[in-house]
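What follows is the content of input-v7.pdb, which has PDB, C-alpha atoms, pLDDT in the B column:
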ATOM      1  CA  MET R  23       0.000   0.000   0.000  1.00 55.00           C
ATOM      2  CA  ARG R  24       2.853   2.353   0.847  1.00 53.00           C
ATOM      3  CA  LYS R  25       4.468   1.760  -2.560  1.00 52.00           C
ATOM      4  CA  ILE R  26       1.202   2.522  -4.320  1.00 49.00           C
ATOM      5  CA  LEU R  27       0.786   5.810  -2.434  1.00 40.00           C
ATOM      6  CA  LYS R  28       4.378   6.762  -3.200  1.00 46.00           C
ATOM      7  CA  LEU R  29       3.869   5.947  -6.884  1.00 41.00           C
ATOM      8  CA  ILE R  30       0.660   7.999  -6.981  1.00 45.00           C
ATOM      9  CA  SER R  31       2.397  10.979  -5.371  1.00 44.00           C
ATOM     10  CA  ILE R  32       5.300  10.760  -7.852  1.00 45.00           C
ATOM     11  CA  LEU R  33       2.884  10.597 -10.788  1.00 40.00           C
ATOM     12  CA  PHE R  34       0.983  13.591  -9.401  1.00 40.00           C
ATOM     13  CA  VAL R  35       4.168  15.663  -9.160  1.00 38.00           C
ATOM     14  CA  LEU R  36       5.241  14.656 -12.663  1.00 39.00           C
ATOM     15  CA  SER R  37       1.842  15.442 -14.162  1.00 38.00           C
ATOM     16  CA  PHE R  38       1.830  18.819 -12.375  1.00 35.00           C
ATOM     17  CA  ASN R  39       5.217  19.720 -13.878  1.00 36.00           C
ATOM     18  CA  ILE R  40       4.040  18.731 -17.349  1.00 33.00           C
ATOM     19  CA  VAL R  41       1.008  20.994 -17.026  1.00 34.00           C
ATOM     20  CA  VAL R  42       3.019  23.915 -15.646  1.00 33.00           C
ATOM     21  CA  PHE R  43       5.670  23.765 -18.365  1.00 40.00           C
ATOM     22  CA  ALA R  44       3.493  22.570 -21.260  1.00 44.00           C
ATOM     23  CA  GLY R  45       3.613  25.976 -22.991  1.00 55.00           C
ATOM     24  CA  GLU R  46       7.409  26.247 -22.871  1.00 64.00           C
ATOM     25  CA  ILE R  47       9.942  24.890 -25.342  1.00 62.00           C
ATOM     26  CA  ASP R  48      13.612  24.259 -24.633  1.00 65.00           C
ATOM     27  CA  ALA R  49      14.953  26.518 -27.395  1.00 62.00           C
ATOM     28  CA  THR R  50      18.548  25.425 -26.753  1.00 65.00           C
ATOM     29  CA  ASN R  51      17.686  22.120 -28.443  1.00 68.00           C
ATOM     30  CA  GLU R  52      17.078  22.831 -32.161  1.00 76.00           C
ATOM     31  CA  ALA R  53      15.042  19.616 -32.430  1.00 76.00           C
ATOM     32  CA  ASN R  54      12.361  21.243 -30.244  1.00 77.00           C
ATOM     33  CA  LEU R  55      11.846  24.173 -32.619  1.00 85.00           C
ATOM     34  CA  SER R  56       9.268  24.226 -35.399  1.00 91.00           C
ATOM     35  CA  GLU R  57      10.585  24.853 -38.901  1.00 93.00           C
ATOM     36  CA  SER R  58       9.383  28.472 -38.845  1.00 93.00           C
ATOM     37  CA  LEU R  59      11.102  29.082 -35.478  1.00 92.00           C
ATOM     38  CA  LYS R  60      14.351  27.588 -36.815  1.00 93.00           C
ATOM     39  CA  LEU R  61      14.173  29.800 -39.899  1.00 94.00           C
ATOM     40  CA  GLY R  62      13.277  32.843 -37.818  1.00 94.00           C
ATOM     41  CA  LYS R  63      16.142  32.230 -35.409  1.00 93.00           C
ATOM     42  CA  THR R  64      18.604  31.772 -38.278  1.00 94.00           C
ATOM     43  CA  LYS R  65      17.486  34.990 -39.998  1.00 96.00           C
ATOM     44  CA  ALA R  66      17.580  36.857 -36.661  1.00 95.00           C
ATOM     45  CA  GLU R  67      21.155  35.619 -36.091  1.00 94.00           C
ATOM     46  CA  GLN R  68      22.182  36.741 -39.588  1.00 95.00           C
ATOM     47  CA  ILE R  69      20.488  40.132 -39.739  1.00 94.00           C
ATOM     48  CA  CYS R  70      18.782  41.330 -36.557  1.00 94.00           C
ATOM     49  CA  SER R  71      21.040  40.262 -33.712  1.00 91.00           C
ATOM     50  CA  ALA R  72      23.753  42.892 -34.292  1.00 88.00           C
ATOM     51  CA  CYS R  73      21.426  45.511 -32.816  1.00 89.00           C
ATOM     52  CA  HIS R  74      18.499  43.639 -31.255  1.00 91.00           C
ATOM     53  CA  GLY R  75      20.350  40.565 -29.960  1.00 90.00           C
ATOM     54  CA  ILE R  76      19.361  36.992 -30.757  1.00 90.00           C
ATOM     55  CA  ASP R  77      17.320  36.974 -27.557  1.00 90.00           C
ATOM     56  CA  GLY R  78      15.607  40.245 -28.497  1.00 91.00           C
ATOM     57  CA  ILE R  79      17.461  42.321 -25.915  1.00 88.00           C
ATOM     58  CA  ALA R  80      19.206  45.296 -27.514  1.00 84.00           C
ATOM     59  CA  ALA R  81      22.572  44.955 -25.820  1.00 72.00           C
ATOM     60  CA  SER R  82      25.117  45.038 -28.619  1.00 59.00           C
ATOM     61  CA  GLY R  83      25.546  46.998 -31.881  1.00 56.00           C
ATOM     62  CA  GLY R  84      22.933  49.645 -31.252  1.00 51.00           C
ATOM     63  CA  ASN R  85      22.944  49.444 -27.456  1.00 52.00           C
ATOM     64  CA  SER R  86      20.992  52.660 -27.267  1.00 63.00           C
ATOM     65  CA  PRO R  87      17.589  53.699 -25.993  1.00 70.00           C
ATOM     66  CA  MET R  88      16.677  54.152 -29.664  1.00 78.00           C
ATOM     67  CA  VAL R  89      17.064  50.395 -30.373  1.00 87.00           C
ATOM     68  CA  PRO R  90      14.017  48.596 -28.989  1.00 88.00           C
ATOM     69  CA  ASN R  91      13.957  45.221 -27.294  1.00 89.00           C
ATOM     70  CA  LEU R  92      11.973  42.763 -29.409  1.00 93.00           C
ATOM     71  CA  SER R  93      11.554  39.764 -27.117  1.00 90.00           C
ATOM     72  CA  GLY R  94       7.991  39.013 -26.187  1.00 89.00           C
ATOM     73  CA  GLN R  95       6.491  41.551 -28.611  1.00 93.00           C
ATOM     74  CA  ASN R  96       3.298  40.542 -30.391  1.00 95.00           C
ATOM     75  CA  LYS R  97       4.025  38.660 -33.643  1.00 97.00           C
ATOM     76  CA  ASP R  98       1.521  40.662 -35.698  1.00 97.00           C
ATOM     77  CA  TYR R  99       2.920  43.949 -34.368  1.00 97.00           C
ATOM     78  CA  LEU R 100       6.490  42.979 -35.308  1.00 97.00           C
ATOM     79  CA  ALA R 101       5.414  41.830 -38.785  1.00 98.00           C
ATOM     80  CA  MET R 102       3.432  45.024 -39.360  1.00 98.00           C
ATOM     81  CA  LYS R 103       6.385  47.229 -38.349  1.00 97.00           C
ATOM     82  CA  LEU R 104       8.818  45.302 -40.563  1.00 97.00           C
ATOM     83  CA  LYS R 105       6.420  45.661 -43.512  1.00 98.00           C
ATOM     84  CA  GLU R 106       6.101  49.388 -42.823  1.00 97.00           C
ATOM     85  CA  TYR R 107       9.898  49.721 -42.866  1.00 97.00           C
ATOM     86  CA  LYS R 108      10.072  47.606 -46.037  1.00 97.00           C
ATOM     87  CA  THR R 109       7.595  49.845 -47.898  1.00 97.00           C
ATOM     88  CA  ASN R 110       9.087  53.058 -46.419  1.00 96.00           C
ATOM     89  CA  LYS R 111       5.800  53.861 -44.683  1.00 97.00           C
ATOM     90  CA  ILE R 112       8.176  54.282 -41.740  1.00 95.00           C
ATOM     91  CA  GLU R 113      11.500  55.659 -42.914  1.00 93.00           C
ATOM     92  CA  HIS R 114      14.621  54.755 -40.991  1.00 91.00           C
ATOM     93  CA  PRO R 115      18.102  54.625 -42.565  1.00 91.00           C
ATOM     94  CA  GLN R 116      19.034  51.181 -41.234  1.00 92.00           C
ATOM     95  CA  MET R 117      15.678  49.480 -40.680  1.00 94.00           C
ATOM     96  CA  SER R 118      14.233  50.402 -44.086  1.00 95.00           C
ATOM     97  CA  MET R 119      17.280  48.971 -45.837  1.00 96.00           C
ATOM     98  CA  ILE R 120      17.305  45.830 -43.678  1.00 95.00           C
ATOM     99  CA  ALA R 121      13.555  45.207 -44.057  1.00 97.00           C
ATOM    100  CA  GLN R 122      13.852  45.454 -47.841  1.00 96.00           C
ATOM    101  CA  MET R 123      16.221  42.459 -47.728  1.00 95.00           C
ATOM    102  CA  LEU R 124      13.551  40.323 -46.021  1.00 97.00           C
ATOM    103  CA  THR R 125      10.961  38.239 -47.846  1.00 97.00           C
ATOM    104  CA  GLU R 126       7.386  37.973 -46.559  1.00 98.00           C
ATOM    105  CA  GLU R 127       8.302  34.536 -45.175  1.00 98.00           C
ATOM    106  CA  ASP R 128      11.394  35.983 -43.451  1.00 98.00           C
ATOM    107  CA  ILE R 129       9.252  38.678 -41.838  1.00 98.00           C
ATOM    108  CA  SER R 130       6.772  36.097 -40.575  1.00 97.00           C
ATOM    109  CA  ASN R 131       9.499  33.782 -39.252  1.00 97.00           C
ATOM    110  CA  VAL R 132      11.556  36.508 -37.549  1.00 97.00           C
ATOM    111  CA  SER R 133       8.397  37.932 -35.993  1.00 97.00           C
ATOM    112  CA  GLU R 134       7.467  34.484 -34.714  1.00 95.00           C
ATOM    113  CA  TRP R 135      10.974  33.973 -33.291  1.00 95.00           C
ATOM    114  CA  TYR R 136      11.070  37.200 -31.296  1.00 95.00           C
ATOM    115  CA  SER R 137       7.417  36.960 -30.191  1.00 94.00           C
ATOM    116  CA  SER R 138       8.001  33.454 -28.825  1.00 93.00           C
ATOM    117  CA  ILE R 139      10.751  34.522 -26.415  1.00 91.00           C
ATOM    118  CA  LYS R 140       9.545  34.413 -22.838  1.00 85.00           C
ATOM    119  CA  VAL R 141       9.792  37.697 -20.954  1.00 81.00           C
ATOM    120  CA  GLU R 142      10.029  37.846 -17.190  1.00 79.00           C
ATOM    121  CA  VAL R 143       8.180  40.754 -15.598  1.00 76.00           C
ATOM    122  CA  PHE R 144       9.048  41.957 -12.128  1.00 75.00           C
ATOM    123  CA  ASP R 145       6.755  43.669  -9.661  1.00 77.00           C
ATOM    124  CA  PRO R 146       8.061  47.266  -9.445  1.00 75.00           C
ATOM    125  CA  ASN R 147       6.974  47.358  -5.808  1.00 79.00           C
ATOM    126  CA  LYS R 148       9.535  44.662  -5.079  1.00 75.00           C
ATOM    127  CA  VAL R 149      12.295  44.872  -7.708  1.00 69.00           C
ATOM    128  CA  LEU R 150      13.736  48.070  -9.147  1.00 67.00           C
ATOM    129  CA  VAL R 151      16.792  48.969 -11.164  1.00 66.00           C
ATOM    130  CA  THR R 152      18.743  52.146 -10.834  1.00 68.00           C
ATOM    131  CA  PRO R 153      17.837  54.802 -13.418  1.00 66.00           C
ATOM    132  CA  GLY R 154      19.831  54.543 -16.635  1.00 60.00           C
ATOM    133  CA  ASN R 155      20.289  50.737 -16.458  1.00 55.00           C
TER     134      ASN R 155
END

Would it be possible to restate this file's structure as structure tokens?
Amino acid sequence: MRKILKLISILFVLSFNIVVFAGEIDATNEANLSESLKLGKTKAEQICSACHGIDGIAASGGNSPMVPNLSGQNKDYLAMKLKEYKTNKIEHPQMSMIAQMLTEEDISNVSEWYSSIKVEVFDPNKVLVTPGN
């Protein structure tokens, strides 16, 4: 009887963990990524990461308040902005040129990649950073 109870408790814990983490993918293992995520990640590494980072955090090339973080943004929003840069509806020296190099499929895949990155939000009543960081 004790073994059965122990087995039931182990199965409960395992099933709980599966439910909690069911929406997450281990992106470090390429085999876990859909084809569109793989393509989006590859294109982001080739073109976007110099300024926006592969993880969507603008911490390199641009490293300025003018270079937005992309991680966790809505996929449709990212795609719309890239299309606006591509058609010069929004004119920006670098982004317009870069967006014109992207196909419609590239735009969709890159937007999916950055929108799929999990963002951790902190309660400002508990965790703050010093201004300027």

- request: With a distance cut-off of 9 Å and all atoms listed in the file, select the neighbouring residues of stretch 115-121 of chain R, excluding the residue or stretch itself and same-chain residues fewer than 2 positions from it, and output the selection as a PyMOL selection string.
  value: chain R and resi 69-70+104-110+112-113+123-125+129

field: Surrounding residues of stretch 86-99 of chain R excluding itself and chain neighbours under 5 positions, 10 Å, only C-alpha atoms, as an NGL selection string
entry: :R and (70 or 73-81 or 104-105 or 129-142 or 154)

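Atom pair atom CA of R:Val143 / atom CA of R:Lys103: separated by 23.7 Å.
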
Around all listed atoms of stretch 55-62 of chain R, padded 4 Å per side, what centre and edge lengths does the axis-aligned box have in Å to one decimal, as AutoDock Vina command-line options?
--center_x 11.8 --center_y 28.5 --center_z -36.3 --size_x 13.1 --size_y 16.7 --size_z 15.3

query: Distance atom CA of R:Phe144-atom CA of R:Lys63, one decimal place?
result: 26.2 Å

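What separates atom CA of R:Leu55 from atom CA of R:Ser71 is a distance of 18.6 Å.
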